[in-house]
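The next block holds one structure in the form of structure tokens; read it before the comments.
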Amino acid sequence: MAVSLVGTSRKHTSWNKPQSGAVQNSMKDSIQPRDQAIDDGPTLDLDETEFSTIVAAGGGGYVGVLKGIPDKMESLVLFNSLRTRTTLGIPISRLTVEAVREHLAESDAAFAGVAAE
């Protein structure tokens with residue numbers, strides 16, 4: 001299926017470019033400075049089976065691992081809430097049965113609050 005570009009503005013060179021200085025200025029506080037270190041956390045010697053076991057013991061459904069970016073983002077262990085079917089994530093360095101339980105409880109409570117409204 002061909003998409004016609006007739007009538008589109010060639011001026012648009014970047015869809016993510018802020019349209020005004022006000023937007024850019026409002027984003028300055030949310031941008032992490034380059035010199036601020038990102039915690040890569042300790043390297044865990046766990047495999048998929050162990051991740052899955054920890055998540056299941058915490059009451060979630062294991063999905064997988066979102067690989068981290070060195071010096072930018074720590075790897076995340078992804079799992080689903082069996083109640084709401086939402087996908088949640090915990091930094092790999094903080095993965096414990098209790099952390100999974102707490103994250104699920106917070107998420108499920110948030111969804112219950114929205115459903116009640």
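Labeling convention for the structure tokens: chains A, B, ... as they appear, residues from 1 per chain, ligands from 1 in order of appearance.
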Residue neighbourhood region 62-73 of chain A, 6 Å, only C-alpha atoms, exclusion window fewer than 5 positions, as a list in words: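 Final neighbour list, sorted by chain and number: Ile38, Ser52, Val55, Leu78 and Phe79 of chain A.
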Go ahead and write the residues just picked, C-alpha atoms, as a PDB file, in the first residue's frame.
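The result, stored in out27.pdb:
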```pdb
ATOM      1  CA  ILE A  38      24.254   5.364  36.369  1.00  0.00           C
ATOM      2  CA  SER A  52      11.757 -17.159  36.663  1.00  0.00           C
ATOM      3  CA  VAL A  55       9.480 -13.930  40.022  1.00  0.00           C
ATOM      4  CA  LEU A  78      10.341  -8.106  33.249  1.00  0.00           C
ATOM      5  CA  PHE A  79       7.305  -9.903  34.647  1.00  0.00           C
TER       6      PHE A  79
END
```
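Across A:Glu74, A:Thr53, A:Ser93, A:Gly59, the tightest approach to Ala105 (chain A) is made by A:Gly59 when counting only C-alpha atoms.
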Helix (DSSP H, G or I) residues, from DSSP on the backbone, in region 33-112 of chain A, as a PyMOL selection string: chain A and resi 48-57+92-94+97-112
Separation of CA of Phe51 (chain A) from CA of Asn80 (chain A), in Å and rounded to one decimal: 13.1 Å
Pairwise distance for CA of Gly58 (chain A) and CA of Ala99 (chain A), rounded to one decimal in Å: 7.7 Å
Given only C-alpha atoms as the counted atoms, nearest of A:Leu76, A:Ala56, A:Ala110, A:Leu82 to Leu95 (chain A):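 That would be A:Leu76, the residue with the smallest distance to Leu95 (chain A).
Atom pair CA of Val97 (chain A) / CA of Ile54 (chain A): separated by 5.4 Å.
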